[in-house]
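Text of upload06.cif (mmCIF, C-alpha atoms) as supplied:
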```cif
data_protein
#
loop_
_atom_site.group_PDB
_atom_site.id
_atom_site.type_symbol
_atom_site.label_atom_id
_atom_site.label_comp_id
_atom_site.auth_asym_id
_atom_site.auth_seq_id
_atom_site.Cartn_x
_atom_site.Cartn_y
_atom_site.Cartn_z
ATOM 1 C CA MET P 65 -16.670 19.809 -14.687
ATOM 2 C CA PRO P 66 -14.061 17.973 -12.502
ATOM 3 C CA THR P 67 -10.517 19.263 -12.877
ATOM 4 C CA ASN P 68 -7.695 16.957 -13.972
ATOM 5 C CA PRO P 69 -6.152 15.802 -10.660
ATOM 6 C CA LEU P 70 -2.812 15.042 -12.312
ATOM 7 C CA LEU P 71 -2.291 18.724 -13.105
ATOM 8 C CA LYS P 72 -2.370 19.797 -9.461
ATOM 9 C CA THR P 73 0.758 19.835 -7.311
ATOM 10 C CA LEU P 74 0.404 17.260 -4.567
ATOM 11 C CA ALA P 75 0.352 18.823 -1.099
ATOM 12 C CA SER P 76 -1.867 16.556 0.983
ATOM 13 C CA VAL P 77 -2.748 12.878 0.948
ATOM 14 C CA LEU P 78 -5.147 10.453 2.594
ATOM 15 C CA VAL P 79 -3.989 6.852 2.972
ATOM 16 C CA VAL P 80 -6.821 4.342 3.311
ATOM 17 C CA GLY P 81 -6.026 0.855 4.579
ATOM 18 C CA SER P 82 -5.199 -1.257 7.585
ATOM 19 C CA VAL P 83 -2.633 -0.479 10.230
ATOM 20 C CA THR P 84 -1.590 -3.955 11.275
ATOM 21 C CA ILE P 85 0.271 -5.982 13.849
ATOM 22 C CA ASP P 86 2.834 -7.970 11.865
ATOM 23 C CA ARG P 87 5.041 -10.928 12.679
ATOM 24 C CA ASN P 88 7.759 -10.954 10.014
ATOM 25 C CA VAL P 89 9.952 -14.053 9.810
ATOM 26 C CA PHE P 90 13.192 -14.008 7.803
ATOM 27 C CA ALA P 91 15.268 -17.165 8.371
ATOM 28 C CA ASP P 92 16.698 -16.650 11.873
ATOM 29 C CA ARG P 93 15.241 -13.154 12.351
ATOM 30 C CA ILE P 94 11.768 -12.418 13.676
ATOM 31 C CA PHE P 95 10.273 -8.935 13.922
ATOM 32 C CA LEU P 96 7.063 -8.009 15.725
ATOM 33 C CA LYS P 97 6.098 -4.641 14.251
ATOM 34 C CA VAL P 98 3.424 -2.185 13.346
ATOM 35 C CA GLY P 99 2.746 -2.690 9.629
ATOM 36 C CA GLY P 100 0.288 -2.286 6.797
ATOM 37 C CA VAL P 101 0.158 -0.042 3.736
ATOM 38 C CA ALA P 102 -1.248 2.808 5.826
ATOM 39 C CA THR P 103 1.829 2.714 8.062
ATOM 40 C CA TYR P 104 4.595 2.501 5.465
ATOM 41 C CA ALA P 105 2.976 4.740 2.864
ATOM 42 C CA GLY P 106 1.759 7.216 5.488
ATOM 43 C CA LEU P 107 5.206 7.637 7.002
ATOM 44 C CA THR P 108 6.778 7.990 3.562
ATOM 45 C CA TYR P 109 4.403 10.768 2.519
ATOM 46 C CA ARG P 110 4.932 12.582 5.810
ATOM 47 C CA ARG P 111 8.709 12.408 5.386
ATOM 48 C CA HIS P 112 8.250 14.189 2.067
ATOM 49 C CA ALA P 113 6.639 17.092 3.981
ATOM 50 C CA LEU P 114 3.113 16.309 2.811
ATOM 51 C CA SER P 115 0.079 16.835 5.025
ATOM 52 C CA THR P 116 -0.910 13.250 5.696
ATOM 53 C CA TRP P 117 -4.058 11.569 6.974
ATOM 54 C CA VAL P 118 -4.609 7.859 7.618
ATOM 55 C CA VAL P 119 -8.013 6.212 7.864
ATOM 56 C CA CYS P 120 -7.912 2.741 9.381
ATOM 57 C CA ASN P 121 -9.695 0.407 11.806
ATOM 58 C CA VAL P 122 -7.745 -0.660 14.886
ATOM 59 C CA ALA P 123 -9.321 -2.261 17.962
ATOM 60 C CA PRO P 124 -9.318 -0.189 21.200
ATOM 61 C CA ALA P 125 -7.032 -2.705 22.911
ATOM 62 C CA ASP P 126 -4.391 -2.121 20.211
ATOM 63 C CA ALA P 127 -4.727 1.655 19.839
ATOM 64 C CA GLU P 128 -1.120 2.197 20.941
ATOM 65 C CA ILE P 129 0.110 0.914 17.560
ATOM 66 C CA LEU P 130 -1.069 4.200 16.054
ATOM 67 C CA ALA P 131 1.423 6.160 18.156
ATOM 68 C CA PRO P 132 4.357 5.940 15.656
ATOM 69 C CA LEU P 133 2.181 7.583 12.998
ATOM 70 C CA ARG P 134 0.947 10.349 15.268
ATOM 71 C CA ARG P 135 4.486 11.044 16.529
ATOM 72 C CA GLU P 136 5.507 11.956 12.973
ATOM 73 C CA GLY P 137 2.590 14.335 12.538
ATOM 74 C CA ILE P 138 0.151 12.050 10.707
ATOM 75 C CA GLN P 139 -3.507 12.720 11.465
ATOM 76 C CA VAL P 140 -5.175 9.378 12.182
ATOM 77 C CA GLN P 141 -8.891 8.679 11.858
ATOM 78 C CA ASN P 142 -9.469 5.344 13.571
ATOM 79 C CA GLY P 143 -12.799 3.557 13.157
ATOM 80 C CA ARG P 144 -14.588 1.013 15.277
ATOM 81 C CA THR P 145 -13.662 -2.648 15.061
ATOM 82 C CA PRO P 146 -13.516 -5.499 17.590
ATOM 83 C CA ARG P 147 -10.247 -6.827 16.153
ATOM 84 C CA THR P 148 -7.088 -5.470 14.559
ATOM 85 C CA THR P 149 -5.713 -6.945 11.350
ATOM 86 C CA ARG P 150 -2.730 -9.194 12.037
ATOM 87 C CA PHE P 151 -0.386 -10.633 9.450
ATOM 88 C CA VAL P 152 2.311 -13.291 9.608
ATOM 89 C CA ASN P 153 4.811 -12.752 6.768
ATOM 90 C CA CYS P 154 7.378 -15.501 6.229
ATOM 91 C CA VAL P 155 10.191 -15.135 3.692
ATOM 92 C CA HIS P 156 12.454 -18.058 2.839
ATOM 93 C CA ALA P 157 14.680 -18.317 -0.254
ATOM 94 C CA ASN P 158 12.846 -15.358 -1.830
ATOM 95 C CA GLN P 159 9.502 -17.130 -1.374
ATOM 96 C CA ARG P 160 6.888 -15.331 0.715
ATOM 97 C CA THR P 161 3.909 -16.820 2.509
ATOM 98 C CA GLN P 162 1.293 -14.893 4.436
ATOM 99 C CA GLU P 163 -1.303 -15.663 7.069
ATOM 100 C CA ALA P 164 -3.954 -13.341 8.455
ATOM 101 C CA PRO P 165 -5.129 -14.751 11.783
ATOM 102 C CA SER P 166 -7.369 -11.750 12.420
ATOM 103 C CA LEU P 167 -9.010 -9.055 10.275
ATOM 104 C CA ALA P 168 -10.484 -5.697 11.207
ATOM 105 C CA GLU P 169 -13.853 -4.506 9.981
ATOM 106 C CA PRO P 170 -13.884 -3.043 6.437
ATOM 107 C CA ILE P 171 -13.175 0.679 6.084
ATOM 108 C CA ARG P 172 -16.390 2.461 5.057
ATOM 109 C CA TYR P 173 -16.870 5.508 2.869
ATOM 110 C CA ARG P 174 -18.382 7.514 5.733
ATOM 111 C CA GLN P 175 -15.028 7.272 7.535
ATOM 112 C CA ILE P 176 -13.186 9.061 4.753
ATOM 113 C CA ALA P 177 -15.898 11.457 3.555
ATOM 114 C CA THR P 178 -15.030 14.258 5.974
ATOM 115 C CA VAL P 179 -11.318 14.104 5.096
ATOM 116 C CA LEU P 180 -11.700 13.624 1.336
ATOM 117 C CA LYS P 181 -12.592 17.259 0.677
ATOM 118 C CA ASP P 182 -9.339 18.430 2.314
ATOM 119 C CA VAL P 183 -6.804 16.317 0.378
ATOM 120 C CA ASP P 184 -5.311 16.332 -3.116
ATOM 121 C CA CYS P 185 -4.699 12.589 -3.256
ATOM 122 C CA VAL P 186 -6.134 9.326 -1.953
ATOM 123 C CA HIS P 187 -3.779 6.353 -1.636
ATOM 124 C CA LEU P 188 -5.798 3.119 -1.563
ATOM 125 C CA GLY P 189 -3.925 0.259 0.081
ATOM 126 C CA PRO P 190 -6.211 -2.735 0.699
ATOM 127 C CA LEU P 191 -4.406 -5.740 2.176
ATOM 128 C CA HIS P 192 -7.187 -8.166 1.235
ATOM 129 C CA PRO P 193 -10.434 -7.919 -0.773
ATOM 130 C CA ASP P 194 -12.577 -7.017 2.255
ATOM 131 C CA ASP P 195 -10.191 -4.424 3.704
ATOM 132 C CA ILE P 196 -11.956 -1.475 2.027
ATOM 133 C CA ASP P 197 -15.693 -1.459 1.388
ATOM 134 C CA PRO P 198 -16.333 -1.405 -2.396
ATOM 135 C CA GLU P 199 -18.515 1.709 -2.037
ATOM 136 C CA VAL P 200 -15.279 3.609 -1.398
ATOM 137 C CA PHE P 201 -14.023 2.840 -4.913
ATOM 138 C CA GLY P 202 -17.201 4.048 -6.576
ATOM 139 C CA ARG P 203 -17.488 7.241 -4.556
ATOM 140 C CA ILE P 204 -13.827 8.206 -4.886
ATOM 141 C CA ALA P 205 -14.018 7.710 -8.654
ATOM 142 C CA LEU P 206 -16.426 10.660 -8.715
ATOM 143 C CA SER P 207 -14.162 12.970 -6.698
ATOM 144 C CA ASP P 208 -11.537 15.453 -7.903
ATOM 145 C CA ALA P 209 -8.796 13.754 -5.878
ATOM 146 C CA ARG P 210 -5.826 12.084 -7.520
ATOM 147 C CA VAL P 211 -6.059 8.351 -6.682
ATOM 148 C CA ALA P 212 -3.139 5.959 -6.252
ATOM 149 C CA LEU P 213 -3.909 2.246 -5.928
ATOM 150 C CA ASP P 214 -1.744 -0.631 -4.755
ATOM 151 C CA ILE P 215 -3.524 -3.748 -6.009
ATOM 152 C CA GLN P 216 -1.763 -6.243 -3.712
ATOM 153 C CA GLY P 217 -4.827 -6.954 -1.564
ATOM 154 C CA LEU P 218 -7.078 -7.398 -4.595
ATOM 155 C CA VAL P 219 -5.033 -10.189 -6.163
ATOM 156 C CA ARG P 220 -5.197 -12.569 -3.216
ATOM 157 C CA ARG P 221 -7.909 -14.038 -1.027
ATOM 158 C CA ASN P 222 -8.284 -15.518 2.422
ATOM 159 C CA ASP P 223 -8.350 -19.294 2.553
ATOM 160 C CA HIS P 224 -9.183 -19.978 6.206
ATOM 161 C CA GLY P 225 -6.676 -17.395 7.367
ATOM 162 C CA ARG P 226 -4.025 -18.056 4.728
ATOM 163 C CA MET P 227 -3.467 -15.710 1.815
ATOM 164 C CA VAL P 228 -3.542 -17.422 -1.582
ATOM 165 C CA PRO P 229 -3.328 -15.935 -5.098
ATOM 166 C CA ALA P 230 -6.681 -14.930 -6.635
ATOM 167 C CA VAL P 231 -7.921 -11.905 -8.560
ATOM 168 C CA SER P 232 -10.845 -10.314 -6.721
ATOM 169 C CA ASP P 233 -14.029 -9.339 -8.532
ATOM 170 C CA ARG P 234 -13.579 -5.960 -6.811
ATOM 171 C CA LEU P 235 -10.409 -5.166 -8.741
ATOM 172 C CA ALA P 236 -12.251 -3.634 -11.701
ATOM 173 C CA ALA P 237 -14.057 -1.086 -9.503
ATOM 174 C CA ALA P 238 -10.769 -0.153 -7.836
ATOM 175 C CA LEU P 239 -9.028 0.283 -11.201
ATOM 176 C CA ARG P 240 -11.833 2.562 -12.405
ATOM 177 C CA ALA P 241 -11.167 4.830 -9.443
ATOM 178 C CA ALA P 242 -7.392 4.945 -9.924
ATOM 179 C CA ASP P 243 -5.124 7.347 -11.784
ATOM 180 C CA ILE P 244 -1.855 5.687 -10.739
ATOM 181 C CA VAL P 245 -1.558 1.934 -10.112
ATOM 182 C CA LYS P 246 1.214 -0.151 -8.580
ATOM 183 C CA ALA P 247 1.684 -3.922 -8.787
ATOM 184 C CA ASN P 248 4.625 -6.229 -8.488
ATOM 185 C CA ALA P 249 5.492 -8.332 -11.530
ATOM 186 C CA GLU P 250 3.822 -11.474 -10.197
ATOM 187 C CA GLU P 251 0.618 -9.608 -9.349
ATOM 188 C CA LEU P 252 0.536 -8.000 -12.774
ATOM 189 C CA ASP P 253 0.966 -11.359 -14.527
ATOM 190 C CA ARG P 254 -1.964 -12.703 -12.491
ATOM 191 C CA VAL P 255 -4.170 -9.796 -13.559
ATOM 192 C CA LEU P 256 -3.183 -9.932 -17.233
ATOM 193 C CA GLU P 257 -3.794 -13.676 -17.373
ATOM 194 C CA THR P 258 -7.218 -13.310 -15.739
ATOM 195 C CA CYS P 259 -8.249 -10.402 -17.968
ATOM 196 C CA GLY P 260 -6.684 -11.795 -21.130
ATOM 197 C CA ALA P 261 -5.292 -8.371 -21.954
ATOM 198 C CA ARG P 262 -2.036 -6.435 -22.193
ATOM 199 C CA ILE P 263 -1.194 -3.757 -19.645
ATOM 200 C CA GLU P 264 -1.654 -1.042 -22.301
ATOM 201 C CA THR P 265 -5.178 -2.323 -22.949
ATOM 202 C CA LEU P 266 -6.050 -2.235 -19.249
ATOM 203 C CA MET P 267 -4.684 1.291 -18.903
ATOM 204 C CA ASP P 268 -6.900 2.436 -21.773
ATOM 205 C CA ARG P 269 -9.917 0.499 -20.510
ATOM 206 C CA PHE P 270 -9.743 1.939 -16.999
ATOM 207 C CA ASP P 271 -8.300 5.357 -17.886
ATOM 208 C CA ILE P 272 -5.104 4.792 -15.874
ATOM 209 C CA ALA P 273 -2.392 7.399 -16.442
ATOM 210 C CA GLU P 274 0.618 5.556 -14.987
ATOM 211 C CA TRP P 275 1.264 1.994 -13.836
ATOM 212 C CA ALA P 276 4.329 1.161 -11.759
ATOM 213 C CA VAL P 277 5.561 -2.431 -11.893
ATOM 214 C CA THR P 278 8.079 -3.488 -9.244
ATOM 215 C CA SER P 279 10.357 -6.542 -9.343
ATOM 216 C CA GLY P 280 12.345 -6.274 -6.124
ATOM 217 C CA SER P 281 16.092 -6.382 -6.639
ATOM 218 C CA SER P 282 15.554 -6.657 -10.416
ATOM 219 C CA GLY P 283 14.187 -3.105 -10.591
ATOM 220 C CA GLY P 284 10.958 -2.522 -12.456
ATOM 221 C CA CYS P 285 9.200 -0.393 -15.039
ATOM 222 C CA ILE P 286 6.918 2.640 -15.205
ATOM 223 C CA HIS P 287 4.245 2.411 -17.903
ATOM 224 C CA LEU P 288 2.642 5.641 -19.101
ATOM 225 C CA ARG P 289 -0.661 5.571 -20.918
ATOM 226 C CA GLY P 290 -0.004 5.678 -24.631
ATOM 227 C CA GLY P 291 2.647 2.961 -24.603
ATOM 228 C CA CYS P 292 5.731 4.697 -23.164
ATOM 229 C CA ARG P 293 7.820 2.473 -20.878
ATOM 230 C CA TYR P 294 10.599 3.574 -18.533
ATOM 231 C CA PRO P 295 12.548 0.735 -16.907
ATOM 232 C CA TYR P 296 14.414 1.515 -13.700
ATOM 233 C CA GLU P 297 17.077 -0.306 -11.702
ATOM 234 C CA SER P 298 16.932 -1.059 -8.004
ATOM 235 C CA ALA P 299 19.575 0.258 -5.649
ATOM 236 C CA PRO P 300 21.792 -2.545 -4.315
ATOM 237 C CA VAL P 301 21.274 -3.695 -0.718
ATOM 238 C CA ALA P 302 24.345 -5.288 0.860
ATOM 239 C CA THR P 303 22.534 -6.646 3.918
ATOM 240 C CA PRO P 304 18.738 -6.918 3.667
ATOM 241 C CA ILE P 305 17.014 -6.516 7.036
ATOM 242 C CA ASP P 306 13.242 -6.573 6.430
ATOM 243 C CA SER P 307 11.611 -6.197 3.016
ATOM 244 C CA THR P 308 8.077 -5.883 4.416
ATOM 245 C CA GLY P 309 6.588 -2.589 3.280
ATOM 246 C CA ALA P 310 9.168 -1.924 0.559
ATOM 247 C CA GLY P 311 6.498 -1.747 -2.134
ATOM 248 C CA ASP P 312 4.420 0.623 -0.010
ATOM 249 C CA VAL P 313 7.414 2.917 0.424
ATOM 250 C CA PHE P 314 8.058 2.753 -3.320
ATOM 251 C CA LEU P 315 4.574 3.860 -4.379
ATOM 252 C CA ALA P 316 4.336 6.666 -1.813
ATOM 253 C CA ALA P 317 7.837 7.907 -2.661
ATOM 254 C CA TYR P 318 7.021 7.760 -6.378
ATOM 255 C CA MET P 319 3.814 9.738 -5.890
ATOM 256 C CA ALA P 320 5.579 12.349 -3.732
ATOM 257 C CA ALA P 321 8.443 12.766 -6.198
ATOM 258 C CA ARG P 322 6.232 12.752 -9.279
ATOM 259 C CA PHE P 323 3.469 15.091 -8.141
ATOM 260 C CA HIS P 324 4.854 17.001 -5.147
ATOM 261 C CA LEU P 325 8.429 17.524 -6.344
ATOM 262 C CA ARG P 326 7.209 17.486 -9.987
ATOM 263 C CA GLN P 327 9.863 15.062 -11.182
ATOM 264 C CA THR P 328 9.679 13.084 -14.418
ATOM 265 C CA ALA P 329 8.612 9.429 -14.300
ATOM 266 C CA VAL P 330 12.252 8.413 -14.727
ATOM 267 C CA GLU P 331 13.461 10.651 -11.902
ATOM 268 C CA ALA P 332 10.581 9.660 -9.613
ATOM 269 C CA SER P 333 11.164 5.932 -10.161
ATOM 270 C CA ARG P 334 14.855 6.281 -9.300
ATOM 271 C CA HIS P 335 13.984 8.244 -6.169
ATOM 272 C CA ALA P 336 11.392 5.657 -5.122
ATOM 273 C CA ALA P 337 13.730 2.728 -5.840
ATOM 274 C CA ARG P 338 16.463 4.292 -3.704
ATOM 275 C CA LEU P 339 14.182 4.854 -0.714
ATOM 276 C CA SER P 340 12.663 1.395 -1.073
ATOM 277 C CA SER P 341 16.136 -0.149 -0.981
ATOM 278 C CA GLU P 342 17.075 1.963 2.034
ATOM 279 C CA HIS P 343 13.961 0.649 3.749
ATOM 280 C CA VAL P 344 14.929 -2.976 3.030
ATOM 281 C CA ALA P 345 18.345 -2.205 4.521
ATOM 282 C CA GLY P 346 16.697 -0.839 7.678
ATOM 283 C CA ARG P 347 17.750 2.760 7.093
ATOM 284 C CA TYR P 348 14.518 4.464 6.008
ATOM 285 C CA ILE P 349 11.736 3.334 8.328
ATOM 286 C CA ALA P 350 13.844 1.558 10.919
ATOM 287 C CA ALA P 351 12.389 -1.547 12.581
ATOM 288 C CA GLU P 352 12.901 -0.135 16.060
ATOM 289 C CA ARG P 353 10.550 2.773 15.318
ATOM 290 C CA LEU P 354 7.729 0.294 14.721
ATOM 291 C CA ASP P 355 8.829 -2.343 17.223
ATOM 292 C CA LEU P 356 6.179 -4.188 19.241
ATOM 293 C CA SER P 357 8.429 -6.762 20.900
ATOM 294 C CA HIS P 358 7.552 -5.306 24.311
ATOM 295 C CA ARG P 359 3.979 -6.508 23.850
ATOM 296 C CA SER P 360 2.739 -9.968 24.685
ATOM 297 C CA ILE P 361 0.925 -10.842 21.471
ATOM 298 C CA VAL P 362 -0.350 -14.278 20.569
ATOM 299 C CA PHE P 363 -0.830 -14.948 16.865
ATOM 300 C CA GLU P 364 -3.557 -17.477 16.289
ATOM 301 C CA THR P 365 -3.399 -19.725 13.248
ATOM 302 C CA ALA P 366 -6.290 -20.549 10.927
ATOM 303 C CA PRO P 367 -9.252 -20.459 10.965
ATOM 304 C CA LEU P 368 -9.525 -16.745 10.388
ATOM 305 C CA ARG P 369 -11.164 -14.594 13.065
ATOM 306 C CA ARG P 370 -13.237 -11.551 12.103
#
```
As structure tokens - that is how I would like this structure written.
Amino acid sequence: MPTNPLLKTLASVLVVGSVTIDRNVFADRIFLKVGGVATYAGLTYRRHALSTWVVCNVAPADAEILAPLRREGIQVQNGRTPRTTRFVNCVHANQRTQEAPSLAEPIRYRQIATVLKDVDCVHLGPLHPDDIDPEVFGRIALSDARVALDIQGLVRRNDHGRMVPAVSDRLAAALRAADIVKANAEELDRVLETCGARIETLMDRFDIAEWAVTSGSSGGCIHLRGGCRYPYESAPVATPIDSTGAGDVFLAAYMAARFHLRQTAVEASRHAARLSSEHVAGRYIAAERLDLSHRSIVFETAPLRR
């Protein structure tokens, strides 16, 4: 009989998702950086002294973008793909638009199978519905690993290289695999409207233990199965630098505090909110550590290239 993964102290984690080349545009500031859930979450877990693996697909010509992860002691399993995922993130007046001029091949279960047996937790971070092959969700659901899921990539779709809101038909399989789920408030509203259900109903339906809802500077709320809710406040940021990856930092920091440091949901949410705010302020994962401005990179616009 499988053991309850939530009872084990978290010591090792596998992050599954794209490592990306990002062009982040904030008014008069433009950053060319290494990005993706695998980057921000991976670095956050490692900085909490967890043994950390990342499985991703990065093209041979772009392999140098994996160096910041390896420098911090993350073990990277890079698969074969002709192209690297590239994102253009534009933020103006708190409105965010995204383009994906290029996508890597989907991450397959065979890429993670050899690592899965050696980790306590799998952090699933798809950036779009085809980022992770759906077989991964089904196979991981049968494992003893604790599973954290960020649904961001499963509540949007590619429209000729532009990301638009849409709930993927793969979301249900991902939720069945997950123990802990994270969504921002807008993503959650999209899911609840599509499913015609309350968050408590979804948690019961998919056997989800905890669901973190983030709302940026407004804070957020941790929902525990059974109906308990624990709102948390965000830490103030005097001068925001780059908010890209803040949600990824939050979920990884929450998981590390909750299951590695064995904090309560309230304590873990405060810890995660503080580190997320420090990241937005440029003090946690500093932009210069992920900087790619030395590279000559051309970002195509739509149509999407695979």
### Task
For P:His192, please output as a PyMOL selection string all residues within 10 Å (counting only C-alpha atoms; exclusion window: fewer than 2 positions along the same chain).
chain P and resi 81-82+164+167+170+189-190+194-196+215-222+227+232
Would you export the selected residues with C-alpha atoms as a short mmCIF file (atom, residue, chain, number, x, y, z; two decimals), in the coordinates of the input, please?
```
data_model
loop_
_atom_site.label_atom_id
_atom_site.label_comp_id
_atom_site.auth_asym_id
_atom_site.auth_seq_id
_atom_site.Cartn_x
_atom_site.Cartn_y
_atom_site.Cartn_z
CA GLY P 81 -6.03 0.86 4.58
CA SER P 82 -5.20 -1.26 7.58
CA ALA P 164 -3.95 -13.34 8.46
CA LEU P 167 -9.01 -9.06 10.28
CA PRO P 170 -13.88 -3.04 6.44
CA GLY P 189 -3.92 0.26 0.08
CA PRO P 190 -6.21 -2.74 0.70
CA ASP P 194 -12.58 -7.02 2.26
CA ASP P 195 -10.19 -4.42 3.70
CA ILE P 196 -11.96 -1.48 2.03
CA ILE P 215 -3.52 -3.75 -6.01
CA GLN P 216 -1.76 -6.24 -3.71
CA GLY P 217 -4.83 -6.95 -1.56
CA LEU P 218 -7.08 -7.40 -4.60
CA VAL P 219 -5.03 -10.19 -6.16
CA ARG P 220 -5.20 -12.57 -3.22
CA ARG P 221 -7.91 -14.04 -1.03
CA ASN P 222 -8.28 -15.52 2.42
CA MET P 227 -3.47 -15.71 1.82
CA SER P 232 -10.84 -10.31 -6.72
#
```
### Close residues, P:Glu352 itself excluded, 10 Å, all atoms listed in the file, min 6 positions apart in chain, as an NGL selection string
:P and (95-97 or 346)
Give one line per residue of stretch 136-238 of chain P that approaches stretch 314-321 of chain P to at most 9 Å, naming the two atoms of the closest pair and their distance in Å to one decimal, counting all atoms listed in the file; sort by chain then ascending residue number and deliver it as JSON lines.
```
{"residue": "P:His187", "atom": "CA", "partner": "P:Ala316", "partner_atom": "CA", "distance": 8.1}
{"residue": "P:Ala212", "atom": "CA", "partner": "P:Met319", "partner_atom": "CA", "distance": 7.9}
{"residue": "P:Leu213", "atom": "CA", "partner": "P:Leu315", "partner_atom": "CA", "distance": 8.8}
{"residue": "P:Asp214", "atom": "CA", "partner": "P:Leu315", "partner_atom": "CA", "distance": 7.8}
```
### Task
Give the answer as one residue: which of P:Ser207, P:Gln159, P:Asn153, P:Asn121 has the shortest atom-to-atom distance to P:Gln175, using only C-alpha atoms?
P:Asn121
### Message
I'd like to know which of P:Tyr294, P:Asp86, P:Ser307, P:Leu107 is closest to P:Ser340, using only C-alpha atoms.
### Response
P:Ser307
### Task
Just say which residues the PyMOL selection byres ((chain P and resi 132) around 12) picks in this file, as a ChimeraX atom specification.
/P:83,97-99,102-104,106-107,110,127-131,133-140,349-356
### Query
So how many Å separate atom CA of P:Arg210 and atom CA of P:Leu235, to one decimal?
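Going from atom CA of P:Arg210 over to atom CA of P:Leu235, I get 17.9 Å.
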Quick check on the file I pasted: which residues fall under the PyMOL selection byres ((chain P and resi 70) around 12)? Write them as an mmCIF file with C-alpha atoms, in the coordinates of the input.
```cif
data_model
loop_
_atom_site.group_PDB
_atom_site.id
_atom_site.type_symbol
_atom_site.label_atom_id
_atom_site.label_comp_id
_atom_site.auth_asym_id
_atom_site.auth_seq_id
_atom_site.Cartn_x
_atom_site.Cartn_y
_atom_site.Cartn_z
ATOM 1 C CA PRO P 66 -14.061 17.973 -12.502
ATOM 2 C CA THR P 67 -10.517 19.263 -12.877
ATOM 3 C CA ASN P 68 -7.695 16.957 -13.972
ATOM 4 C CA PRO P 69 -6.152 15.802 -10.660
ATOM 5 C CA LEU P 71 -2.291 18.724 -13.105
ATOM 6 C CA LYS P 72 -2.370 19.797 -9.461
ATOM 7 C CA THR P 73 0.758 19.835 -7.311
ATOM 8 C CA LEU P 74 0.404 17.260 -4.567
ATOM 9 C CA ASP P 184 -5.311 16.332 -3.116
ATOM 10 C CA CYS P 185 -4.699 12.589 -3.256
ATOM 11 C CA ASP P 208 -11.537 15.453 -7.903
ATOM 12 C CA ALA P 209 -8.796 13.754 -5.878
ATOM 13 C CA ARG P 210 -5.826 12.084 -7.520
ATOM 14 C CA VAL P 211 -6.059 8.351 -6.682
ATOM 15 C CA ALA P 212 -3.139 5.959 -6.252
ATOM 16 C CA ALA P 242 -7.392 4.945 -9.924
ATOM 17 C CA ASP P 243 -5.124 7.347 -11.784
ATOM 18 C CA ILE P 244 -1.855 5.687 -10.739
ATOM 19 C CA ILE P 272 -5.104 4.792 -15.874
ATOM 20 C CA ALA P 273 -2.392 7.399 -16.442
ATOM 21 C CA GLU P 274 0.618 5.556 -14.987
ATOM 22 C CA MET P 319 3.814 9.738 -5.890
ATOM 23 C CA ARG P 322 6.232 12.752 -9.279
ATOM 24 C CA PHE P 323 3.469 15.091 -8.141
ATOM 25 C CA HIS P 324 4.854 17.001 -5.147
ATOM 26 C CA ARG P 326 7.209 17.486 -9.987
#
```
### Query
Applied to this file, what does the PyMOL selection byres ((chain P and resi 280) around 10) return in terms of residues, put as a list in words?
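That selection, the PyMOL selection byres ((chain P and resi 280) around 10), comes back as Asn248, Ala249, Val277, Thr278, Ser279, Ser281, Ser282, Gly283, Gly284, Glu297, Ser298, Ala299, Ser307, Ala310, Gly311, Ala337, Ser340 and Ser341 of chain P.
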### Message
List as a PyMOL selection string the protein and nucleic acid residues near P:Val183, meaning an atom at most 7 Å away when only C-alpha atoms are counted, but skip any in the same chain fewer than 5 places from it.
### Response
chain P and resi 76-78
### Query
Excluding same-chain residues fewer than 3 positions from stretch 148-150 of chain P, what lies within 9 Å of it counting only C-alpha atoms, as a count of residues only?
24
### Task
Grab the atom CA of P:Asp306 to atom CA of P:Leu339 distance for me, in Å with one decimal place.
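Distance between the two atoms: 13.5 Å.
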### Query
Of the residues P:Arg226, P:Val179, P:Lys246, P:Phe270, which is the one nearest to P:Asp312, using all atoms listed in the file?
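That would be P:Lys246, the residue with the smallest distance to P:Asp312.
Picture a line from atom CA of P:Arg144 to atom CA of P:Ala75; it runs 28.4 Å.
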### Query
Which of these residues is nearest to P:Pro193, using all atoms listed in the file: P:His335, P:Arg160, P:Arg234, P:Arg147?
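For P:Pro193, the nearest of the given residues is P:Arg234.
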### Message
Please determine, counting only C-alpha atoms, which residue among P:Phe151, P:Phe201, P:Trp275, P:Trp117 has the shortest atom-to-atom distance to P:Ala241.
### Response
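When distances to P:Ala241 are compared using only C-alpha atoms, the smallest one comes from P:Phe201.
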### Task
Identify which of the residues P:Val80, P:Ile263, P:Ala105, P:Cys292 lies closest to P:Val118, counting all atoms listed in the file when measuring atom-to-atom distances.
P:Val80
What's around P:Thr258 at 9 Å? Count only C-alpha atoms, leave out sequence neighbours fewer than 4 positions away in its own chain, and write the answer as a JSON list (two decimals) with C-alpha atoms, in the frame of the given file.
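part-v1.json was written with the following content:
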```
[["chain", "number", "residue", "atom", "x", "y", "z"],
["P", 231, "VAL", "CA", -7.92, -11.90, -8.56],
["P", 253, "ASP", "CA", 0.97, -11.36, -14.53],
["P", 254, "ARG", "CA", -1.96, -12.70, -12.49]]
```
